[in-house]
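A.B. asks: Dropping in work-v6.tsv, which is TSV, C-alpha atoms and all ligand atoms:
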```
chain	number	residue	atom	x	y	z
A	1	MET	CA	-164.72	148.50	40.85
A	2	PRO	CA	-168.39	149.67	40.81
A	3	THR	CA	-170.85	147.22	39.25
A	4	ARG	CA	-174.06	147.93	37.36
A	5	SER	CA	-175.85	148.07	40.71
A	6	GLY	CA	-173.40	150.86	41.60
A	7	ARG	CA	-172.10	148.93	44.64
A	8	SER	CA	-168.74	147.24	44.66
A	9	VAL	CA	-168.12	144.01	46.54
A	10	VAL	CA	-165.86	145.92	48.95
A	11	ASP	CA	-168.74	148.38	49.64
A	12	LEU	CA	-171.09	145.46	50.26
A	13	LEU	CA	-168.60	143.89	52.67
A	14	ARG	CA	-168.36	147.20	54.55
A	15	THR	CA	-172.09	147.01	55.40
A	16	GLY	CA	-171.18	144.29	57.92
A	17	ARG	CA	-174.28	142.32	56.90
A	18	PRO	CA	-173.58	138.70	55.87
A	19	LEU	CA	-173.67	138.47	52.09
A	20	VAL	CA	-175.29	135.65	50.13
A	21	MET	CA	-173.43	134.51	47.01
A	22	GLY	CA	-175.67	132.47	44.69
A	23	VAL	CA	-173.99	129.65	42.72
A	24	LEU	CA	-174.52	129.45	38.96
A	25	ASN	CA	-172.82	126.43	37.40
A	26	VAL	CA	-172.74	126.59	33.60
A	27	THR	CA	-171.32	123.08	33.51
A	28	PRO	CA	-172.36	119.56	32.51
A	29	ASP	CA	-170.75	117.90	35.54
A	30	SER	CA	-171.04	119.96	38.75
A	31	PHE	CA	-171.49	117.70	41.77
A	32	SER	CA	-175.02	118.81	42.72
A	33	ASP	CA	-176.54	120.52	39.68
A	34	GLY	CA	-174.40	119.51	36.69
A	35	GLY	CA	-176.18	120.02	33.37
A	36	GLN	CA	-179.13	121.93	34.86
A	37	PHE	CA	-177.91	125.36	33.71
A	38	LEU	CA	-175.69	124.56	30.72
A	39	ASP	CA	-178.33	126.02	28.43
A	40	PRO	CA	-177.77	129.83	28.44
A	41	ALA	CA	-181.49	130.66	28.76
A	42	ALA	CA	-181.82	128.33	31.77
A	43	ALA	CA	-178.67	129.84	33.32
A	44	ILE	CA	-179.86	133.43	32.91
A	45	ALA	CA	-183.31	132.51	34.29
A	46	GLN	CA	-181.66	130.90	37.33
A	47	ALA	CA	-179.52	134.02	37.90
A	48	ARG	CA	-182.62	136.22	37.63
A	49	ARG	CA	-184.38	134.02	40.16
A	50	MET	CA	-181.46	134.14	42.61
A	51	VAL	CA	-181.32	137.95	42.32
A	52	ALA	CA	-185.08	138.15	42.99
A	53	GLU	CA	-184.57	135.90	46.02
A	54	GLY	CA	-182.03	138.31	47.47
A	55	ALA	CA	-178.60	137.13	46.30
A	56	ASP	CA	-175.97	139.83	46.86
A	57	ILE	CA	-173.44	138.31	44.44
A	58	ILE	CA	-173.77	135.74	41.62
A	59	ASP	CA	-170.81	133.36	41.29
A	60	ILE	CA	-170.56	131.90	37.78
A	61	GLY	CA	-168.43	128.87	37.05
A	62	ALA	CA	-167.94	127.11	33.72
A	63	GLU	CA	-165.58	124.37	34.92
A	64	SER	CA	-166.59	122.00	37.67
A	65	THR	CA	-164.05	122.04	40.47
A	66	ARG	CA	-165.53	118.73	41.63
A	67	PRO	CA	-164.43	118.85	45.24
A	68	TYR	CA	-164.84	115.05	45.33
A	69	GLY	CA	-162.81	114.27	42.18
A	70	GLY	CA	-163.85	113.26	38.69
A	71	ALA	CA	-163.85	116.73	37.10
A	72	THR	CA	-163.24	116.83	33.36
A	73	PRO	CA	-160.62	119.51	32.71
A	74	VAL	CA	-161.89	122.27	30.42
A	75	SER	CA	-159.69	124.50	28.23
A	76	ALA	CA	-159.78	128.28	28.68
A	77	ALA	CA	-161.42	128.56	25.24
A	78	ASP	CA	-164.18	126.10	26.20
A	79	GLU	CA	-164.74	127.86	29.52
A	80	ILE	CA	-165.08	131.22	27.75
A	81	ALA	CA	-167.42	129.67	25.14
A	82	ARG	CA	-169.73	128.53	27.96
A	83	LEU	CA	-169.55	131.92	29.72
A	84	ALA	CA	-169.97	134.17	26.66
A	85	PRO	CA	-173.76	133.79	26.23
A	86	VAL	CA	-174.37	134.03	30.00
A	87	LEU	CA	-171.97	136.25	31.97
A	88	PRO	CA	-172.66	139.65	30.32
A	89	ALA	CA	-176.45	139.10	30.64
A	90	VAL	CA	-176.09	138.15	34.32
A	91	ALA	CA	-173.84	141.16	35.00
A	92	ALA	CA	-176.59	143.36	33.52
A	93	LEU	CA	-179.00	142.18	36.26
A	94	GLY	CA	-177.25	144.48	38.76
A	95	PRO	CA	-175.57	142.60	41.62
A	96	PRO	CA	-171.84	141.99	41.28
A	97	VAL	CA	-170.82	138.89	39.37
A	98	SER	CA	-167.98	136.72	40.53
A	99	ILE	CA	-166.05	134.43	38.19
A	100	ASP	CA	-165.21	131.00	39.59
A	101	THR	CA	-162.15	130.01	37.59
A	102	MET	CA	-158.61	128.86	38.28
A	103	LYS	CA	-157.33	130.30	34.97
A	104	ALA	CA	-156.15	133.90	34.75
A	105	ALA	CA	-156.98	134.02	31.03
A	106	VAL	CA	-160.64	133.21	31.77
A	107	ALA	CA	-160.69	135.66	34.70
A	108	ASP	CA	-159.27	138.42	32.44
A	109	TRP	CA	-161.97	137.77	29.82
A	110	ALA	CA	-164.68	137.76	32.52
A	111	LEU	CA	-163.49	141.12	33.91
A	112	ASP	CA	-163.78	142.57	30.41
A	113	HIS	CA	-167.36	141.29	30.20
A	114	GLY	CA	-168.82	142.48	33.50
A	115	ALA	CA	-167.37	140.38	36.33
A	116	ALA	CA	-166.39	142.35	39.44
A	117	LEU	CA	-164.89	139.67	41.68
A	118	LEU	CA	-162.48	136.76	41.10
A	119	ASN	CA	-162.91	133.40	42.81
A	120	ASP	CA	-159.78	131.25	42.66
A	121	VAL	CA	-160.25	127.77	44.15
A	122	TRP	CA	-156.46	127.35	44.13
A	123	GLY	CA	-155.83	130.46	46.23
A	124	LEU	CA	-153.31	132.17	43.86
A	125	GLN	CA	-151.14	129.02	43.94
A	126	ARG	CA	-151.98	127.33	40.62
A	127	ASP	CA	-151.93	129.98	37.90
A	128	PRO	CA	-149.05	132.38	38.62
A	129	GLU	CA	-150.78	135.12	36.61
A	130	MET	CA	-153.85	135.22	38.89
A	131	ALA	CA	-152.37	137.46	41.61
A	132	ARG	CA	-150.81	139.83	39.06
A	133	LEU	CA	-154.12	140.03	37.17
A	134	ALA	CA	-156.10	140.89	40.33
A	135	ALA	CA	-153.50	143.54	41.25
A	136	ARG	CA	-153.41	145.05	37.76
A	137	ARG	CA	-157.20	145.16	37.41
A	138	GLY	CA	-157.77	146.34	41.00
A	139	VAL	CA	-160.46	143.76	41.72
A	140	PRO	CA	-161.25	141.77	44.85
A	141	ILE	CA	-160.44	138.07	44.87
A	142	VAL	CA	-161.53	135.04	46.87
A	143	VAL	CA	-158.46	133.04	47.88
A	144	MET	CA	-159.55	129.46	48.63
A	145	HIS	CA	-157.60	126.70	50.38
A	146	ASN	CA	-157.17	123.53	48.36
A	147	ARG	CA	-155.09	120.36	48.27
A	148	ASP	CA	-154.54	117.78	45.55
A	149	GLU	CA	-155.86	115.11	47.86
A	150	ALA	CA	-157.10	114.68	51.39
A	151	ASP	CA	-154.74	113.36	54.06
A	152	PRO	CA	-156.67	112.30	57.14
A	153	ALA	CA	-153.45	112.32	59.20
A	154	ILE	CA	-152.76	116.06	58.99
A	155	ASP	CA	-153.95	118.95	61.16
A	156	ILE	CA	-156.20	120.50	58.54
A	157	VAL	CA	-156.55	123.86	60.26
A	158	ALA	CA	-152.77	124.27	60.51
A	159	ASP	CA	-152.55	123.32	56.82
A	160	ILE	CA	-155.11	125.99	55.91
A	161	GLU	CA	-153.26	128.60	57.96
A	162	ALA	CA	-149.95	127.76	56.24
A	163	PHE	CA	-151.65	127.85	52.82
A	164	PHE	CA	-153.23	131.26	53.51
A	165	ALA	CA	-149.87	132.61	54.71
A	166	ARG	CA	-148.26	131.46	51.43
A	167	SER	CA	-151.13	132.95	49.36
A	168	LEU	CA	-150.74	136.27	51.16
A	169	GLU	CA	-147.00	136.27	50.40
A	170	ILE	CA	-147.84	135.73	46.72
A	171	ALA	CA	-150.43	138.51	46.89
A	172	ASP	CA	-147.93	140.91	48.52
A	173	ALA	CA	-145.27	140.11	45.91
A	174	ALA	CA	-147.79	140.84	43.14
A	175	GLY	CA	-148.75	144.16	44.71
A	176	LEU	CA	-152.28	142.96	45.48
A	177	ASP	CA	-153.78	145.06	48.26
A	178	ARG	CA	-154.96	143.10	51.32
A	179	SER	CA	-158.21	145.09	51.28
A	180	GLN	CA	-159.07	143.20	48.08
A	181	ILE	CA	-158.70	139.71	49.58
A	182	VAL	CA	-161.39	137.39	50.92
A	183	LEU	CA	-160.19	134.09	52.46
A	184	ASP	CA	-162.10	130.83	52.05
A	185	PRO	CA	-161.14	127.57	53.83
A	186	GLY	CA	-162.51	125.53	50.90
A	187	ILE	CA	-165.05	123.23	52.53
A	188	GLY	CA	-164.83	119.77	50.89
A	189	PHE	CA	-161.65	120.51	48.91
A	190	GLY	CA	-158.77	118.16	49.76
A	191	LYS	CA	-160.47	117.40	53.06
A	192	THR	CA	-162.13	114.36	54.56
A	193	PRO	CA	-165.70	115.01	55.78
A	194	ASP	CA	-164.40	115.11	59.36
A	195	GLN	CA	-161.78	117.67	58.31
A	196	SER	CA	-164.48	119.82	56.69
A	197	ILE	CA	-166.38	119.77	59.97
A	198	ALA	CA	-163.18	120.57	61.91
A	199	THR	CA	-162.58	123.47	59.51
A	200	LEU	CA	-166.05	124.88	60.06
A	201	ALA	CA	-165.52	124.56	63.81
A	202	ALA	CA	-162.27	126.54	63.52
A	203	LEU	CA	-163.58	129.65	61.75
A	204	PRO	CA	-162.87	131.91	64.76
A	205	ARG	CA	-159.19	130.84	64.47
A	206	LEU	CA	-159.12	131.65	60.74
A	207	ALA	CA	-160.68	135.05	61.46
A	208	ALA	CA	-157.33	135.93	63.08
A	209	PHE	CA	-156.01	136.70	59.57
A	210	GLY	CA	-158.13	139.84	59.84
A	211	LEU	CA	-159.67	139.38	56.40
A	212	PRO	CA	-163.29	138.65	55.44
A	213	LEU	CA	-164.11	134.93	55.30
A	214	LEU	CA	-166.24	133.19	52.68
A	215	VAL	CA	-167.77	129.80	53.50
A	216	GLY	CA	-169.18	127.45	50.86
A	217	ALA	CA	-170.77	124.50	52.64
A	218	SER	CA	-173.74	124.19	50.29
A	219	ARG	CA	-174.82	120.58	49.67
A	220	LYS	CA	-171.33	119.29	50.45
A	221	ARG	CA	-170.47	115.73	51.39
A	222	PHE	CA	-169.68	116.34	55.07
A	223	ILE	CA	-173.43	116.93	55.53
A	224	ALA	CA	-174.24	113.41	54.33
A	225	HIS	CA	-171.43	112.07	56.51
A	226	VAL	CA	-173.40	113.04	59.63
A	227	SER	CA	-176.92	112.90	58.15
A	228	PRO	CA	-177.09	110.71	55.01
A	229	ALA	CA	-178.81	112.38	52.03
A	230	PRO	CA	-178.10	112.90	48.31
A	231	PRO	CA	-176.73	116.35	47.28
A	232	GLN	CA	-180.13	117.81	46.36
A	233	GLU	CA	-181.50	116.88	49.80
A	234	ARG	CA	-178.87	118.62	51.92
A	235	LEU	CA	-180.61	121.97	52.40
A	236	GLY	CA	-181.11	121.55	56.15
A	237	GLY	CA	-177.44	120.76	56.69
A	238	SER	CA	-176.38	123.61	54.41
A	239	LEU	CA	-178.51	126.10	56.36
A	240	ALA	CA	-177.16	124.87	59.71
A	241	ALA	CA	-173.55	125.17	58.52
A	242	HIS	CA	-174.00	128.63	57.00
A	243	LEU	CA	-175.91	130.00	59.98
A	244	LEU	CA	-173.18	128.86	62.38
A	245	ALA	CA	-170.54	130.23	60.00
A	246	VAL	CA	-172.20	133.65	60.04
A	247	LEU	CA	-172.43	133.56	63.84
A	248	ASP	CA	-168.67	132.88	63.79
A	249	GLY	CA	-168.13	135.94	61.62
A	250	ALA	CA	-168.26	134.67	58.01
A	251	ALA	CA	-168.78	137.64	55.70
A	252	ILE	CA	-170.07	135.71	52.67
A	253	VAL	CA	-171.84	132.37	52.28
A	254	ARG	CA	-171.81	130.64	48.88
A	255	VAL	CA	-175.08	128.77	48.34
A	256	HIS	CA	-177.17	126.96	45.75
A	257	ASP	CA	-180.44	127.66	47.61
A	258	VAL	CA	-180.70	131.45	47.92
A	259	ALA	CA	-184.28	131.99	49.18
A	260	PRO	CA	-184.07	129.63	52.20
A	261	THR	CA	-180.64	131.00	53.10
A	262	VAL	CA	-181.78	134.63	52.96
A	263	GLN	CA	-184.81	133.70	55.09
A	264	ALA	CA	-182.68	131.85	57.67
A	265	LEU	CA	-180.19	134.72	57.96
A	266	THR	CA	-182.94	137.35	58.16
A	267	VAL	CA	-184.79	135.52	60.94
A	268	ALA	CA	-181.56	134.90	62.85
A	269	ALA	CA	-180.66	138.61	62.58
A	270	ALA	CA	-184.13	139.65	63.80
A	271	ILE	CA	-183.81	137.43	66.87
A	272	ARG	CA	-180.29	138.63	67.63
A	273	ASN	CA	-181.36	142.27	67.24
A	274	ALA	CA	-184.18	141.71	69.74
A	275	ARG	CA	-181.82	140.45	72.46
B	1	LIG	N1	-167.15	125.25	46.13
B	1	LIG	C1	-167.36	124.80	44.87
B	1	LIG	C2	-166.95	125.55	43.76
B	1	LIG	N2	-166.36	126.76	43.93
B	1	LIG	N3	-165.55	128.45	45.36
B	1	LIG	C3	-165.32	128.91	46.59
B	1	LIG	N4	-164.73	130.09	46.77
B	1	LIG	N5	-165.69	128.20	47.71
B	1	LIG	C4	-166.29	126.98	47.62
B	1	LIG	O1	-166.59	126.35	48.68
B	1	LIG	C5	-166.55	126.45	46.31
B	1	LIG	C6	-166.15	127.23	45.18
B	1	LIG	C7	-168.04	123.48	44.68
B	1	LIG	O2	-169.44	123.64	44.53
B	1	LIG	P1	-170.16	123.71	43.12
B	1	LIG	O3	-169.77	124.94	42.39
B	1	LIG	O4	-171.62	123.51	43.29
B	1	LIG	O5	-169.62	122.40	42.40
B	1	LIG	P2	-168.68	122.18	41.14
B	1	LIG	O6	-167.33	122.69	41.52
B	1	LIG	O7	-168.74	120.70	40.95
B	1	LIG	O8	-169.25	122.94	39.98
```
Output the structure of this file as structure tokens.
Ligand code: HH2

C.D. replies:
Amino acid sequence: MPTRSGRSVVDLLRTGRPLVMGVLNVTPDSFSDGGQFLDPAAAIAQARRMVAEGADIIDIGAESTRPYGGATPVSAADEIARLAPVLPAVAALGPPVSIDTMKAAVADWALDHGAALLNDVWGLQRDPEMARLAARRGVPIVVMHNRDEADPAIDIVADIEAFFARSLEIADAAGLDRSQIVLDPGIGFGKTPDQSIATLAALPRLAAFGLPLLVGASRKRFIAHVSPAPPQERLGGSLAAHLLAVLDGAAIVRVHDVAPTVQALTVAAAIRNAR
């Protein structure tokens, strides 16, 4: 599906350049920036800023997924009410907009109002309509690994692989083309900090699915586990994780801090190109 910038997400992925997805949380309770962009004018200004800083995609969410628990569930109507004054204006900025929702009804509304990519943090396994919707609308979708709670005893990478295999079965049954699927191991979701680190270390193994990988390590708790800092002071750790993820083949990184990420990736690419 072409966006207002004329480039679809699938076209952007074909460039082979790592893509930067900027996070826009229109929520009161997101773990690192809750309440900062609940006001529509502040949200649109933040999107504009991320686009100016070089974001390739803007990911808008109106329900905190709270990787670390404590999220207040939001109805589809409330989610849409938060998105309505923001999403169409952000879509008009040009780069593709992604909708971070686990509800097919919200995703359907967002596609009607300018979104070009779905981001399902339950990897097609919570709302049974999600896969059918993506297939029917012919849009790409991020399929993220998740668990209700962390279990430190399990092999997390094997769990992610089994989850992805199940999601792909669901996608196939719904007639969703593999070329529309991006896999995401869900850093921080249903994982201990050590398991998040193990997951990041195992990206080459997950690349064996042959699909583009998205990594969202931005400001997450595993960073503080190895280098204590509150969420707003985890930029260094976020950059380190995303840079290594890109070196391991990640196609998209999902970040709160667009300008420093674009700079880090640009400098790394310049050095690699000079080798
Ligand atoms: N992380 C968060 C939310 N959505 N989507 C994908 N695909 N991958 C992620 O890693 C991911 C995600 C959590 O970050 P944030 O949006 O800042 O927090 P919250 O869910 O509390 O709004």

A.B. asks: Compute the set of protein, DNA and RNA residues whose minimum atom distance to ligand LIG 1 (chain B) is at most 6 Å, using only C-alpha atoms and all ligand atoms, and state it as a PyMOL selection string.

C.D. replies: chain A and resi 25+30-32+64-67+119+121+142+144+184+186-187+216

A.B. asks: Applying 12 Å and all atoms listed in the file, which residues near range 190-202 of chain A remain after dropping the ones on its own chain fewer than 6 positions away? List them as a VMD selection string.

C.D. replies: chain A and resid 65 to 69 121 to 122 144 to 161 184 208 213 to 217 220 to 227 237 to 238 240 to 250

A.B. asks: Just to confirm, what's the straight-line distance from CA of Val10 in chain A to CA of Ala91 in chain A in Å (one decimal)?

C.D. replies: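 Taking CA of Val10 in chain A and CA of Ala91 in chain A, their separation equals 16.8 Å.
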
A.B. asks: Work out where the centre of an axis-aligned box around every listed atom of range 199-213 of chain A lies and how long its edges are once 3 Å is added on each side; give both in Å to one decimal as lines of an AutoDock Vina configuration file.

C.D. replies:
```
center_x = -161.0
center_y = 131.7
center_z = 60.0
size_x = 16.0
size_y = 22.4
size_z = 15.5
```

A.B. asks: If we draw a sphere of 10 Å around (-181.6, 131.1, 59.5), which residues have at least one atom in it when counting all atoms listed in the file? Please report them as a list in words.

C.D. replies: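 Here the neighbourhood of the point contains Leu239, Ala240, His242, Leu243, Leu244, Val246, Pro260, Thr261, Val262, Gln263, Ala264, Leu265, Thr266, Val267, Ala268, Ala269, Ala270 and Ile271 of chain A.
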
A.B. asks: Show which residues sit within 9 Å of Ala104 in chain A, as a list of chain:residue names. Count all atoms listed in the file, and ignore same-chain residues fewer than 5 positions away.

C.D. replies: A:Trp109, A:Asp127, A:Pro128, A:Glu129, A:Met130, A:Ala131, A:Leu133, A:Ala134

A.B. asks: When you draw a straight line from CA of Gly22 in chain A to CA of Gly94 in chain A, how long is it in Å?

C.D. replies: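 Separation of CA of Gly22 in chain A and CA of Gly94 in chain A: 13.5 Å.
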
A.B. asks: Please indicate the distance in Å from CA of Asp177 in chain A to CA of Leu211 in chain A, rounded to one decimal place.

C.D. replies: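 Atom-to-atom, CA of Asp177 in chain A to CA of Leu211 in chain A, that is 11.5 Å.
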